[in-house]
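K.L.:
Sending over run.txt (compact mmCIF, N, CA and C atoms).
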# COMPACT_ATOMS: atom_id res chain seq x y z
N MET A 1391 0.83 -1.17 0.00
CA MET A 1391 0.00 0.00 0.00
C MET A 1391 0.89 1.25 0.00
N GLU A 1392 0.59 2.17 -0.89
CA GLU A 1392 1.36 3.41 -0.94
C GLU A 1392 0.80 4.39 0.08
N CYS A 1393 1.66 5.03 0.79
CA CYS A 1393 1.26 5.95 1.85
C CYS A 1393 0.99 7.33 1.26
N PRO A 1394 -0.19 7.92 1.55
CA PRO A 1394 -0.50 9.25 1.03
C PRO A 1394 0.12 10.38 1.86
N ILE A 1395 0.84 10.04 2.92
CA ILE A 1395 1.43 11.03 3.82
C ILE A 1395 2.95 10.92 3.75
N ILE A 1396 3.62 12.04 3.61
CA ILE A 1396 5.08 12.07 3.66
C ILE A 1396 5.49 12.61 5.02
N PRO A 1397 6.04 11.77 5.90
CA PRO A 1397 6.41 12.25 7.23
C PRO A 1397 7.66 13.11 7.21
N LEU A 1398 7.70 14.07 8.12
CA LEU A 1398 8.85 14.95 8.24
C LEU A 1398 9.68 14.55 9.45
N ASN A 1399 10.93 14.97 9.44
CA ASN A 1399 11.86 14.76 10.56
C ASN A 1399 11.88 13.30 10.99
N ASP A 1400 11.68 13.03 12.31
CA ASP A 1400 11.77 11.65 12.80
C ASP A 1400 10.41 10.98 12.88
N LYS A 1401 9.41 11.53 12.19
CA LYS A 1401 8.05 10.95 12.24
C LYS A 1401 7.95 9.72 11.36
N ILE A 1402 7.01 8.84 11.75
CA ILE A 1402 6.69 7.66 10.95
C ILE A 1402 5.19 7.59 10.78
N VAL A 1403 4.74 6.95 9.71
CA VAL A 1403 3.32 6.73 9.47
C VAL A 1403 3.07 5.23 9.58
N ILE A 1404 2.06 4.88 10.39
CA ILE A 1404 1.75 3.48 10.68
C ILE A 1404 0.33 3.18 10.23
N LEU A 1405 0.14 2.06 9.56
CA LEU A 1405 -1.20 1.56 9.25
C LEU A 1405 -1.58 0.62 10.39
N PRO A 1406 -2.55 1.04 11.23
CA PRO A 1406 -2.85 0.23 12.41
C PRO A 1406 -3.51 -1.10 12.07
N ILE A 1407 -3.23 -2.08 12.90
CA ILE A 1407 -3.91 -3.36 12.83
C ILE A 1407 -5.26 -3.14 13.49
N GLU A 1408 -6.27 -3.87 13.10
CA GLU A 1408 -7.63 -3.72 13.61
C GLU A 1408 -7.66 -3.40 15.10
N GLU A 1409 -8.56 -2.47 15.46
CA GLU A 1409 -8.73 -2.12 16.88
C GLU A 1409 -9.36 -3.29 17.63
N GLY A 1410 -9.44 -3.17 18.92
CA GLY A 1410 -9.98 -4.24 19.75
C GLY A 1410 -8.85 -4.91 20.48
N GLU A 1411 -9.14 -5.99 21.15
CA GLU A 1411 -8.11 -6.71 21.90
C GLU A 1411 -7.17 -7.37 20.91
N GLN A 1412 -5.93 -6.96 20.95
CA GLN A 1412 -4.94 -7.48 20.02
C GLN A 1412 -4.07 -8.50 20.73
N LYS A 1413 -3.86 -9.61 20.07
CA LYS A 1413 -3.01 -10.65 20.64
C LYS A 1413 -1.87 -10.94 19.68
N TYR A 1414 -0.74 -11.22 20.27
CA TYR A 1414 0.40 -11.69 19.50
C TYR A 1414 0.83 -12.97 20.19
N GLY A 1415 0.47 -14.10 19.60
CA GLY A 1415 0.67 -15.38 20.28
C GLY A 1415 -0.26 -15.42 21.47
N ASN A 1416 0.27 -15.62 22.67
CA ASN A 1416 -0.53 -15.65 23.89
C ASN A 1416 -0.49 -14.32 24.64
N ILE A 1417 0.13 -13.31 24.07
CA ILE A 1417 0.30 -12.03 24.74
C ILE A 1417 -0.79 -11.06 24.28
N ILE A 1418 -1.51 -10.45 25.23
CA ILE A 1418 -2.48 -9.41 24.90
C ILE A 1418 -1.72 -8.09 24.87
N VAL A 1419 -1.85 -7.38 23.76
CA VAL A 1419 -1.11 -6.13 23.56
C VAL A 1419 -2.04 -4.96 23.86
N PRO A 1420 -1.79 -4.20 24.94
CA PRO A 1420 -2.68 -3.10 25.30
C PRO A 1420 -2.45 -1.83 24.48
N ASP A 1421 -1.40 -1.77 23.73
CA ASP A 1421 -1.07 -0.59 22.94
C ASP A 1421 -1.47 -0.80 21.49
N ALA A 1422 -1.26 0.19 20.65
CA ALA A 1422 -1.59 0.09 19.23
C ALA A 1422 -0.44 -0.58 18.49
N MET A 1423 -0.81 -1.44 17.55
CA MET A 1423 0.17 -2.11 16.71
C MET A 1423 -0.13 -1.78 15.26
N GLY A 1424 0.88 -1.78 14.43
CA GLY A 1424 0.65 -1.54 13.02
C GLY A 1424 1.92 -1.70 12.21
N THR A 1425 1.74 -1.58 10.90
CA THR A 1425 2.84 -1.72 9.96
C THR A 1425 3.31 -0.33 9.54
N VAL A 1426 4.61 -0.13 9.56
CA VAL A 1426 5.19 1.15 9.16
C VAL A 1426 5.05 1.30 7.65
N LEU A 1427 4.38 2.40 7.22
CA LEU A 1427 4.19 2.67 5.79
C LEU A 1427 5.18 3.67 5.24
N ALA A 1428 5.61 4.61 6.08
CA ALA A 1428 6.54 5.64 5.62
C ALA A 1428 7.39 6.11 6.79
N VAL A 1429 8.61 6.50 6.49
CA VAL A 1429 9.57 6.93 7.51
C VAL A 1429 10.18 8.26 7.06
N GLY A 1430 10.20 9.24 7.97
CA GLY A 1430 10.84 10.52 7.67
C GLY A 1430 12.35 10.37 7.61
N PRO A 1431 13.05 11.41 7.19
CA PRO A 1431 14.50 11.31 7.02
C PRO A 1431 15.27 11.18 8.32
N GLY A 1432 14.73 11.68 9.43
CA GLY A 1432 15.43 11.60 10.71
C GLY A 1432 15.38 12.94 11.41
N ARG A 1433 16.11 13.02 12.52
CA ARG A 1433 16.11 14.28 13.27
C ARG A 1433 17.48 14.94 13.11
N VAL A 1434 17.48 16.23 13.34
CA VAL A 1434 18.72 17.01 13.22
C VAL A 1434 19.30 17.21 14.61
N SER A 1435 20.58 16.89 14.76
CA SER A 1435 21.25 17.04 16.05
C SER A 1435 21.52 18.52 16.33
N THR A 1436 21.98 18.81 17.53
CA THR A 1436 22.26 20.19 17.91
C THR A 1436 23.37 20.83 17.08
N ASN A 1437 24.25 20.00 16.51
CA ASN A 1437 25.31 20.57 15.66
C ASN A 1437 24.94 20.56 14.18
N GLY A 1438 23.69 20.21 13.87
CA GLY A 1438 23.19 20.32 12.50
C GLY A 1438 23.32 19.09 11.63
N THR A 1439 23.84 17.98 12.17
CA THR A 1439 23.95 16.76 11.36
C THR A 1439 22.65 15.96 11.45
N LEU A 1440 22.33 15.28 10.36
CA LEU A 1440 21.11 14.47 10.31
C LEU A 1440 21.36 13.12 10.96
N ILE A 1441 20.49 12.76 11.89
CA ILE A 1441 20.53 11.43 12.52
C ILE A 1441 19.39 10.64 11.91
N PRO A 1442 19.69 9.71 10.99
CA PRO A 1442 18.62 9.01 10.27
C PRO A 1442 17.80 8.10 11.19
N ASN A 1443 16.53 7.90 10.82
CA ASN A 1443 15.68 6.97 11.55
C ASN A 1443 16.21 5.55 11.41
N LYS A 1444 15.98 4.74 12.43
CA LYS A 1444 16.42 3.34 12.42
C LYS A 1444 15.32 2.41 11.92
N LEU A 1445 14.06 2.87 12.01
CA LEU A 1445 12.95 2.04 11.57
C LEU A 1445 12.88 2.00 10.05
N GLU A 1446 12.33 0.90 9.53
CA GLU A 1446 12.21 0.72 8.09
C GLU A 1446 10.77 0.46 7.73
N VAL A 1447 10.40 0.78 6.52
CA VAL A 1447 9.06 0.51 6.01
C VAL A 1447 8.83 -1.00 6.02
N GLY A 1448 7.65 -1.41 6.47
CA GLY A 1448 7.28 -2.83 6.45
C GLY A 1448 7.35 -3.53 7.79
N VAL A 1449 8.05 -2.96 8.77
CA VAL A 1449 8.13 -3.61 10.08
C VAL A 1449 6.84 -3.35 10.87
N THR A 1450 6.52 -4.27 11.76
CA THR A 1450 5.36 -4.12 12.63
C THR A 1450 5.85 -3.58 13.96
N VAL A 1451 5.23 -2.48 14.40
CA VAL A 1451 5.66 -1.81 15.62
C VAL A 1451 4.51 -1.66 16.60
N MET A 1452 4.86 -1.35 17.83
CA MET A 1452 3.90 -1.10 18.90
C MET A 1452 4.13 0.32 19.40
N VAL A 1453 3.04 1.11 19.46
CA VAL A 1453 3.10 2.48 19.97
C VAL A 1453 2.02 2.65 21.03
N PRO A 1454 2.19 3.60 21.96
CA PRO A 1454 1.16 3.82 22.96
C PRO A 1454 -0.12 4.32 22.30
N LYS A 1455 -1.26 3.78 22.72
CA LYS A 1455 -2.53 4.21 22.13
C LYS A 1455 -2.77 5.69 22.32
N PHE A 1456 -2.35 6.23 23.44
CA PHE A 1456 -2.66 7.63 23.72
C PHE A 1456 -1.46 8.55 23.52
N GLY A 1457 -0.37 8.06 22.96
CA GLY A 1457 0.80 8.89 22.74
C GLY A 1457 0.97 9.30 21.29
N ALA A 1458 0.35 8.60 20.38
CA ALA A 1458 0.51 8.87 18.96
C ALA A 1458 -0.74 9.58 18.43
N GLN A 1459 -0.62 10.20 17.29
CA GLN A 1459 -1.73 10.93 16.68
C GLN A 1459 -2.42 10.07 15.63
N LYS A 1460 -3.75 9.98 15.72
CA LYS A 1460 -4.51 9.29 14.68
C LYS A 1460 -4.92 10.31 13.64
N VAL A 1461 -4.76 9.93 12.37
CA VAL A 1461 -5.09 10.79 11.25
C VAL A 1461 -5.99 10.01 10.31
N GLU A 1462 -7.10 10.61 9.90
CA GLU A 1462 -7.97 9.95 8.93
C GLU A 1462 -7.85 10.69 7.61
N LEU A 1463 -7.54 9.95 6.56
CA LEU A 1463 -7.35 10.53 5.24
C LEU A 1463 -7.85 9.54 4.21
N GLU A 1464 -8.72 10.00 3.33
CA GLU A 1464 -9.28 9.15 2.26
C GLU A 1464 -9.91 7.88 2.83
N ASN A 1465 -10.69 8.04 3.91
CA ASN A 1465 -11.42 6.94 4.56
C ASN A 1465 -10.50 5.86 5.13
N GLU A 1466 -9.27 6.20 5.41
CA GLU A 1466 -8.32 5.27 6.01
C GLU A 1466 -7.73 5.93 7.25
N THR A 1467 -7.54 5.16 8.31
CA THR A 1467 -6.96 5.69 9.53
C THR A 1467 -5.49 5.34 9.59
N TYR A 1468 -4.68 6.34 9.91
CA TYR A 1468 -3.24 6.16 10.06
C TYR A 1468 -2.83 6.63 11.44
N ILE A 1469 -1.70 6.16 11.92
CA ILE A 1469 -1.11 6.63 13.17
C ILE A 1469 0.20 7.33 12.81
N MET A 1470 0.37 8.54 13.34
CA MET A 1470 1.64 9.25 13.15
C MET A 1470 2.31 9.36 14.51
N ALA A 1471 3.59 9.02 14.55
CA ALA A 1471 4.34 9.04 15.81
C ALA A 1471 5.80 9.36 15.50
N GLY A 1472 6.49 9.82 16.50
CA GLY A 1472 7.93 10.00 16.38
C GLY A 1472 8.62 8.66 16.58
N GLU A 1473 9.80 8.51 16.03
CA GLU A 1473 10.51 7.25 16.18
C GLU A 1473 10.74 6.92 17.66
N SER A 1474 10.96 7.94 18.48
CA SER A 1474 11.19 7.70 19.90
C SER A 1474 9.91 7.28 20.64
N ASP A 1475 8.73 7.46 20.02
CA ASP A 1475 7.47 7.03 20.62
C ASP A 1475 7.24 5.53 20.47
N VAL A 1476 7.95 4.90 19.55
CA VAL A 1476 7.76 3.47 19.30
C VAL A 1476 8.28 2.68 20.49
N LEU A 1477 7.41 1.81 21.02
CA LEU A 1477 7.77 0.99 22.19
C LEU A 1477 8.61 -0.21 21.81
N GLY A 1478 8.38 -0.74 20.61
CA GLY A 1478 9.16 -1.91 20.19
C GLY A 1478 8.75 -2.38 18.82
N ILE A 1479 9.58 -3.24 18.25
CA ILE A 1479 9.33 -3.87 16.96
C ILE A 1479 8.86 -5.29 17.24
N ILE A 1480 7.78 -5.68 16.59
CA ILE A 1480 7.25 -7.04 16.76
C ILE A 1480 7.97 -7.95 15.78
N LYS A 1481 8.66 -8.95 16.30
CA LYS A 1481 9.37 -9.90 15.44
C LYS A 1481 8.36 -10.79 14.74
N GLN A 1482 8.65 -11.10 13.51
CA GLN A 1482 7.79 -12.01 12.75
C GLN A 1482 8.11 -13.43 13.15
N LYS A 1483 7.06 -14.25 13.31
CA LYS A 1483 7.25 -15.64 13.69
C LYS A 1483 7.84 -16.42 12.52
N GLU A 1484 8.71 -17.33 12.85
CA GLU A 1484 9.23 -18.26 11.84
C GLU A 1484 8.19 -19.35 11.64
N ASP A 1485 8.16 -19.95 10.45
CA ASP A 1485 7.18 -21.01 10.15
C ASP A 1485 7.35 -22.23 11.04
N ASN A 1486 8.57 -22.50 11.53
CA ASN A 1486 8.80 -23.70 12.32
C ASN A 1486 8.61 -23.47 13.81
N GLU A 1487 8.15 -22.27 14.22
CA GLU A 1487 7.95 -22.01 15.65
C GLU A 1487 6.55 -22.35 16.06
Output the structure of this file as structure tokens.
P.N.:
Amino acid sequence: MECPIIPLNDKIVILPIEEGEQKYGNIIVPDAMGTVLAVGPGRVSTNGTLIPNKLEVGVTVMVPKFGAQKVELENETYIMAGESDVLGIIKQKEDNE
């Protein structure tokens, strides 16, 4: 899916996974989860150098439900957050696990 939003600085755009009680294996996830659709270039340090974002498009991340901004555009809901707002990256399960 192509993202209609171009994030600035250290912001990322996330396509949320369905709302409601979210489970990953046997773990109930109380925060919002979603797939990263777009990543900004990064943040600028105090001396003016660019510090690139570490997140990549396509990873599944977890962000606080009440810490990120929800944006509705073209009948689709997106989550916008700073890279530092991301609580963690959800590892993809291997087929043999």
K.L.:
Expressed in Å to a single decimal, how great is the separation between CA of Met1452 in chain A and CA of Asn1465 in chain A?
P.N.:
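Rounded to one decimal, the two atoms are 22.5 Å apart.
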K.L.:
Please return as a PyMOL selection string: the residues of range 1425-1473 of chain A that backbone DSSP assigns to strand (DSSP E or B).
P.N.:
chain A and resi 1425-1429+1432-1434+1440-1442+1450-1453+1459-1463+1466-1472
K.L.:
Quick one: pull the distance between CA of Leu1440 in chain A and atom N of Asn1399 in chain A, Å, one decimal.
P.N.:
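Atom-to-atom, CA of Leu1440 in chain A to atom N of Asn1399 in chain A, that is 10.2 Å.
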K.L.:
Using only C-alpha atoms, find the one residue out of A:Ala1422, A:Val1449, A:Met1470, A:Gln1459 that sits nearest to Ile1396 in chain A.
P.N.:
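Looking at the shortest contact to Ile1396 in chain A, the residue is A:Met1470.
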K.L.:
Excluding Leu1398 in chain A and its own-chain neighbours fewer than 6 positions away, which residues fall within 9 Å of it when counting only C-alpha atoms? Please give them as a PyMOL selection string.
P.N.:
chain A and resi 1429-1433
K.L.:
Of the residues A:Thr1425, A:Gln1482, A:Asn1437, A:Asn1443, which is the one nearest to Ile1404 in chain A, using all atoms listed in the file?
P.N.:
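Nearest candidate to Ile1404 in chain A out of A:Thr1425, A:Gln1482, A:Asn1437, A:Asn1443: A:Thr1425.
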K.L.:
Taking (-7.4, 8.2, 5.1) as a centre in this file's frame and 12 Å as the limit, can you find every polymer residue with an atom that close, using only C-alpha atoms, and give them as a list in words?
P.N.:
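The requested residues, written out, are Glu1392, Cys1393, Pro1394, Ile1395, Val1403, Ile1404, Leu1405, Pro1406, Lys1460, Val1461, Glu1462, Leu1463, Glu1464, Asn1465, Glu1466, Thr1467, Tyr1468 and Ile1469 of chain A.
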K.L.:
So which one's closest to Ile1441 in chain A, A:Asp1400, A:Gly1424, A:Gly1472, A:Lys1483? Using all atoms listed in the file, please.
P.N.:
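The closest residue to Ile1441 in chain A is A:Asp1400.
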K.L.:
Between atom N of Thr1450 in chain A and atom N of Ile1402 in chain A, what is the distance in Å, rounded to a tenth?
P.N.:
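One can read the atom N of Thr1450 in chain A to atom N of Ile1402 in chain A distance as 13.1 Å.
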K.L.:
Using only C-alpha atoms, find the one residue out of A:Ala1458, A:Leu1445, A:Val1453, A:Val1426 that sits nearest to Val1476 in chain A.
P.N.:
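Smallest distance to Val1476 in chain A is found for A:Val1453.
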